[in-house]
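As stored in start.pdb (PDB, N, CA and C atoms):
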ATOM      1  N   PRO A   6       0.836  -1.209   0.000
ATOM      2  CA  PRO A   6       0.000   0.000   0.000
ATOM      3  C   PRO A   6       0.870   1.258   0.000
ATOM      4  N   GLN A   7       0.405   2.243  -0.706
ATOM      5  CA  GLN A   7       1.132   3.505  -0.767
ATOM      6  C   GLN A   7       0.962   4.274   0.550
ATOM      7  N   PRO A   8       2.036   4.850   1.068
ATOM      8  CA  PRO A   8       1.907   5.696   2.258
ATOM      9  C   PRO A   8       1.241   7.023   1.906
ATOM     10  N   LEU A   9       0.823   7.737   2.920
ATOM     11  CA  LEU A   9       0.248   9.067   2.711
ATOM     12  C   LEU A   9       1.317  10.011   2.180
ATOM     13  N   ARG A  10       0.928  10.863   1.279
ATOM     14  CA  ARG A  10       1.844  11.871   0.733
ATOM     15  C   ARG A  10       1.413  13.277   1.144
ATOM     16  N   ASP A  11       0.136  13.453   1.426
ATOM     17  CA  ASP A  11      -0.382  14.757   1.843
ATOM     18  C   ASP A  11      -0.711  14.721   3.321
ATOM     19  N   SER A  12      -0.660  15.870   3.942
ATOM     20  CA  SER A  12      -0.959  15.953   5.367
ATOM     21  C   SER A  12      -2.387  15.534   5.652
ATOM     22  N   PRO A  13      -2.575  14.644   6.607
ATOM     23  CA  PRO A  13      -3.934  14.313   7.018
ATOM     24  C   PRO A  13      -4.523  15.458   7.832
ATOM     25  N   SER A  14      -5.779  15.350   8.139
ATOM     26  CA  SER A  14      -6.428  16.363   8.977
ATOM     27  C   SER A  14      -5.789  16.372  10.355
ATOM     28  N   ASP A  15      -5.728  17.553  10.955
ATOM     29  CA  ASP A  15      -5.213  17.633  12.324
ATOM     30  C   ASP A  15      -6.036  16.739  13.234
ATOM     31  N   GLY A  16      -5.355  15.972  14.043
ATOM     32  CA  GLY A  16      -6.018  15.091  14.980
ATOM     33  C   GLY A  16      -6.406  13.740  14.403
ATOM     34  N   GLU A  17      -6.085  13.501  13.122
ATOM     35  CA  GLU A  17      -6.425  12.217  12.496
ATOM     36  C   GLU A  17      -5.500  11.123  13.018
ATOM     37  N   THR A  18      -6.070   9.981  13.327
ATOM     38  CA  THR A  18      -5.291   8.839  13.770
ATOM     39  C   THR A  18      -4.682   8.163  12.553
ATOM     40  N   CYS A  19      -3.376   7.952  12.605
ATOM     41  CA  CYS A  19      -2.653   7.288  11.533
ATOM     42  C   CYS A  19      -1.681   6.291  12.150
ATOM     43  N   TYR A  20      -0.985   5.588  11.300
ATOM     44  CA  TYR A  20      -0.035   4.566  11.748
ATOM     45  C   TYR A  20       1.292   4.789  11.053
ATOM     46  N   ILE A  21       2.383   4.722  11.824
ATOM     47  CA  ILE A  21       3.705   4.910  11.245
ATOM     48  C   ILE A  21       4.516   3.626  11.376
ATOM     49  N   VAL A  22       5.366   3.417  10.388
ATOM     50  CA  VAL A  22       6.267   2.277  10.365
ATOM     51  C   VAL A  22       7.543   2.687  11.088
ATOM     52  N   ASN A  23       7.971   1.864  12.058
ATOM     53  CA  ASN A  23       9.204   2.128  12.791
ATOM     54  C   ASN A  23      10.158   0.970  12.532
ATOM     55  N   LEU A  24      11.136   1.190  11.661
ATOM     56  CA  LEU A  24      12.085   0.132  11.329
ATOM     57  C   LEU A  24      13.089  -0.130  12.439
ATOM     58  N   THR A  25      13.320   0.841  13.288
ATOM     59  CA  THR A  25      14.263   0.659  14.387
ATOM     60  C   THR A  25      13.777  -0.417  15.352
ATOM     61  N   GLU A  26      12.478  -0.452  15.586
ATOM     62  CA  GLU A  26      11.898  -1.416  16.525
ATOM     63  C   GLU A  26      11.079  -2.498  15.827
ATOM     64  N   ASN A  27      11.033  -2.468  14.484
ATOM     65  CA  ASN A  27      10.267  -3.446  13.708
ATOM     66  C   ASN A  27       8.812  -3.531  14.154
ATOM     67  N   ARG A  28       8.190  -2.377  14.258
ATOM     68  CA  ARG A  28       6.789  -2.350  14.666
ATOM     69  C   ARG A  28       6.060  -1.161  14.074
ATOM     70  N   VAL A  29       4.761  -1.151  14.286
ATOM     71  CA  VAL A  29       3.881  -0.088  13.810
ATOM     72  C   VAL A  29       3.337   0.654  15.024
ATOM     73  N   TYR A  30       3.334   1.964  14.948
ATOM     74  CA  TYR A  30       2.799   2.785  16.024
ATOM     75  C   TYR A  30       1.561   3.529  15.563
ATOM     76  N   CYS A  31       0.604   3.633  16.457
ATOM     77  CA  CYS A  31      -0.579   4.451  16.234
ATOM     78  C   CYS A  31      -0.252   5.854  16.731
ATOM     79  N   VAL A  32      -0.479   6.851  15.880
ATOM     80  CA  VAL A  32      -0.191   8.232  16.255
ATOM     81  C   VAL A  32      -1.357   9.123  15.852
ATOM     82  N   ILE A  33      -1.473  10.233  16.535
ATOM     83  CA  ILE A  33      -2.442  11.256  16.159
ATOM     84  C   ILE A  33      -1.637  12.404  15.581
ATOM     85  N   LEU A  34      -1.845  12.667  14.306
ATOM     86  CA  LEU A  34      -1.025  13.646  13.614
ATOM     87  C   LEU A  34      -1.615  15.045  13.676
ATOM     88  N   CYS A  35      -0.717  15.999  13.647
ATOM     89  CA  CYS A  35      -1.126  17.378  13.421
ATOM     90  C   CYS A  35      -0.231  17.897  12.315
ATOM     91  N   GLY A  36      -0.816  18.439  11.295
ATOM     92  CA  GLY A  36      -0.111  18.815  10.081
ATOM     93  C   GLY A  36       0.984  19.848  10.256
ATOM     94  N   THR A  37       0.953  20.599  11.344
ATOM     95  CA  THR A  37       1.939  21.662  11.504
ATOM     96  C   THR A  37       3.149  21.235  12.325
ATOM     97  N   PHE A  38       3.084  20.105  12.978
ATOM     98  CA  PHE A  38       4.191  19.639  13.809
ATOM     99  C   PHE A  38       5.298  19.116  12.906
ATOM    100  N   SER A  39       6.518  19.582  13.095
ATOM    101  CA  SER A  39       7.608  19.257  12.168
ATOM    102  C   SER A  39       7.903  17.765  12.094
ATOM    103  N   LEU A  40       7.767  17.042  13.196
ATOM    104  CA  LEU A  40       8.024  15.602  13.166
ATOM    105  C   LEU A  40       6.996  14.896  12.282
ATOM    106  N   CYS A  41       5.749  15.315  12.342
ATOM    107  CA  CYS A  41       4.712  14.740  11.474
ATOM    108  C   CYS A  41       5.054  14.980  10.011
ATOM    109  N   GLN A  42       5.527  16.160   9.693
ATOM    110  CA  GLN A  42       5.922  16.471   8.319
ATOM    111  C   GLN A  42       7.108  15.612   7.886
ATOM    112  N   GLN A  43       8.035  15.379   8.787
ATOM    113  CA  GLN A  43       9.194  14.534   8.486
ATOM    114  C   GLN A  43       8.749  13.101   8.208
ATOM    115  N   TRP A  44       7.802  12.578   9.002
ATOM    116  CA  TRP A  44       7.283  11.222   8.772
ATOM    117  C   TRP A  44       6.629  11.128   7.402
ATOM    118  N   LEU A  45       5.850  12.147   7.040
ATOM    119  CA  LEU A  45       5.199  12.152   5.731
ATOM    120  C   LEU A  45       6.230  12.146   4.605
ATOM    121  N   LYS A  46       7.248  12.975   4.723
ATOM    122  CA  LYS A  46       8.290  13.033   3.697
ATOM    123  C   LYS A  46       9.052  11.716   3.605
ATOM    124  N   SER A  47       9.166  11.007   4.723
ATOM    125  CA  SER A  47       9.879   9.727   4.740
ATOM    126  C   SER A  47       9.042   8.589   4.170
ATOM    127  N   GLY A  48       7.748   8.823   4.003
ATOM    128  CA  GLY A  48       6.881   7.800   3.417
ATOM    129  C   GLY A  48       6.553   6.660   4.351
ATOM    130  N   ILE A  49       6.387   6.963   5.648
ATOM    131  CA  ILE A  49       6.118   5.899   6.619
ATOM    132  C   ILE A  49       4.751   6.027   7.290
ATOM    133  N   VAL A  50       3.897   6.930   6.808
ATOM    134  CA  VAL A  50       2.590   7.162   7.430
ATOM    135  C   VAL A  50       1.489   6.492   6.611
ATOM    136  N   HIS A  51       0.614   5.768   7.299
ATOM    137  CA  HIS A  51      -0.515   5.090   6.656
ATOM    138  C   HIS A  51      -1.803   5.394   7.416
ATOM    139  N   ARG A  52      -2.910   5.312   6.714
ATOM    140  CA  ARG A  52      -4.220   5.551   7.346
ATOM    141  C   ARG A  52      -4.695   4.350   8.153
ATOM    142  N   THR A  53      -4.250   3.147   7.790
ATOM    143  CA  THR A  53      -4.709   1.957   8.507
ATOM    144  C   THR A  53      -3.521   1.179   9.064
ATOM    145  N   LYS A  54      -3.779   0.487  10.139
ATOM    146  CA  LYS A  54      -2.753  -0.353  10.752
ATOM    147  C   LYS A  54      -2.349  -1.471   9.797
ATOM    148  N   GLU A  55      -3.312  -2.031   9.094
ATOM    149  CA  GLU A  55      -3.034  -3.126   8.174
ATOM    150  C   GLU A  55      -2.078  -2.689   7.071
ATOM    151  N   ALA A  56      -2.293  -1.504   6.506
ATOM    152  CA  ALA A  56      -1.417  -0.994   5.449
ATOM    153  C   ALA A  56      -0.002  -0.771   5.984
ATOM    154  N   ALA A  57       0.108  -0.240   7.189
ATOM    155  CA  ALA A  57       1.425  -0.009   7.787
ATOM    156  C   ALA A  57       2.140  -1.327   8.052
ATOM    157  N   GLU A  58       1.414  -2.349   8.505
ATOM    158  CA  GLU A  58       2.032  -3.645   8.768
ATOM    159  C   GLU A  58       2.526  -4.302   7.478
ATOM    160  N   ILE A  59       1.769  -4.172   6.393
ATOM    161  CA  ILE A  59       2.202  -4.709   5.102
ATOM    162  C   ILE A  59       3.467  -3.983   4.638
ATOM    163  N   HIS A  60       3.484  -2.678   4.803
ATOM    164  CA  HIS A  60       4.650  -1.881   4.412
ATOM    165  C   HIS A  60       5.872  -2.296   5.238
ATOM    166  N   LEU A  61       5.688  -2.462   6.537
ATOM    167  CA  LEU A  61       6.784  -2.880   7.411
ATOM    168  C   LEU A  61       7.344  -4.232   6.968
ATOM    169  N   LYS A  62       6.483  -5.196   6.704
ATOM    170  CA  LYS A  62       6.941  -6.518   6.262
ATOM    171  C   LYS A  62       7.708  -6.417   4.955
ATOM    172  N   ALA A  63       7.226  -5.578   4.044
ATOM    173  CA  ALA A  63       7.909  -5.431   2.757
ATOM    174  C   ALA A  63       9.302  -4.832   2.961
ATOM    175  N   LEU A  64       9.398  -3.818   3.794
ATOM    176  CA  LEU A  64      10.700  -3.198   4.046
ATOM    177  C   LEU A  64      11.663  -4.162   4.738
ATOM    178  N   LEU A  65      11.157  -4.929   5.685
ATOM    179  CA  LEU A  65      12.007  -5.874   6.394
ATOM    180  C   LEU A  65      12.472  -7.016   5.486
ATOM    181  N   SER A  66      11.705  -7.329   4.464
ATOM    182  CA  SER A  66      12.066  -8.432   3.572
ATOM    183  C   SER A  66      13.387  -8.156   2.842
ATOM    184  N   PHE A  67      13.775  -6.897   2.729
ATOM    185  CA  PHE A  67      15.040  -6.563   2.071
ATOM    186  C   PHE A  67      16.249  -6.855   2.940
ATOM    187  N   THR A  68      16.051  -6.916   4.240
ATOM    188  CA  THR A  68      17.189  -7.067   5.137
ATOM    189  C   THR A  68      17.232  -8.381   5.904
ATOM    190  N   GLN A  69      16.137  -9.110   5.931
ATOM    191  CA  GLN A  69      16.109 -10.365   6.682
ATOM    192  C   GLN A  69      16.754 -11.480   5.880
ATOM    193  N   GLN A  70      17.439 -12.330   6.584
ATOM    194  CA  GLN A  70      18.084 -13.484   5.944
ATOM    195  C   GLN A  70      17.072 -14.601   5.765
ATOM    196  N   PRO A  71      17.202 -15.363   4.674
ATOM    197  CA  PRO A  71      16.249 -16.470   4.428
ATOM    198  C   PRO A  71      16.347 -17.570   5.457
TER     199      PRO A  71
END
Take the structure in the file and write it out as structure tokens.
Amino acid sequence: PQPLRDSPSDGETCYIVNLTENRVYCVILCGTFSLCQQWLKSGIVHRTKEAAEIHLKALLSFTQQP
């Protein structure tokens, strides 16, 4: 699934992919907060937990050993 590219509404619940901890976090975004903008630019924000989990698995598949 494609990550969000545009800022969601302030206060919208979204999910971010965290490769450092290999997990998905639920966050409430505000479009003006610089960290939220950084997450959007990094392509790690999704509207659903399921989409974020699929993205995380895909990213991890590049680094995990068979």
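The residue set within 6 Å of segment 39-50 of chain A, counting only C-alpha atoms and dropping same-chain residues fewer than 3 places from it, reads Pro8, Leu9, Tyr20, Ile21 and Val22 of chain A.
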Next, dump the selected residues to file, keeping only N, CA and C atoms, as an mmCIF file, in the coordinates of the input.
data_model
loop_
_atom_site.group_PDB
_atom_site.id
_atom_site.type_symbol
_atom_site.label_atom_id
_atom_site.label_comp_id
_atom_site.auth_asym_id
_atom_site.auth_seq_id
_atom_site.Cartn_x
_atom_site.Cartn_y
_atom_site.Cartn_z
ATOM 1 N N PRO A 8 2.036 4.850 1.068
ATOM 2 C CA PRO A 8 1.907 5.696 2.258
ATOM 3 C C PRO A 8 1.241 7.023 1.906
ATOM 4 N N LEU A 9 0.823 7.737 2.920
ATOM 5 C CA LEU A 9 0.248 9.067 2.711
ATOM 6 C C LEU A 9 1.317 10.011 2.180
ATOM 7 N N TYR A 20 -0.985 5.588 11.300
ATOM 8 C CA TYR A 20 -0.035 4.566 11.748
ATOM 9 C C TYR A 20 1.292 4.789 11.053
ATOM 10 N N ILE A 21 2.383 4.722 11.824
ATOM 11 C CA ILE A 21 3.705 4.910 11.245
ATOM 12 C C ILE A 21 4.516 3.626 11.376
ATOM 13 N N VAL A 22 5.366 3.417 10.388
ATOM 14 C CA VAL A 22 6.267 2.277 10.365
ATOM 15 C C VAL A 22 7.543 2.687 11.088
#
Could you check how far atom C of Thr25 of chain A sits from atom C of Phe38 of chain A, in Å to one decimal?
21.4 Å
What does the distance from atom CA of Cys31 of chain A to atom C of Arg52 of chain A come to in Å, to one decimal?
9.1 Å
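With atom CA of Pro13 of chain A on one side and atom CA of Arg28 of chain A on the other, the separation reads 21.2 Å.
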Show which residues sit within 12 Å of Phe67 of chain A, as a list in words. Count only C-alpha atoms, and ignore same-chain residues fewer than 6 positions away.
Leu24, His60 and Leu61 of chain A
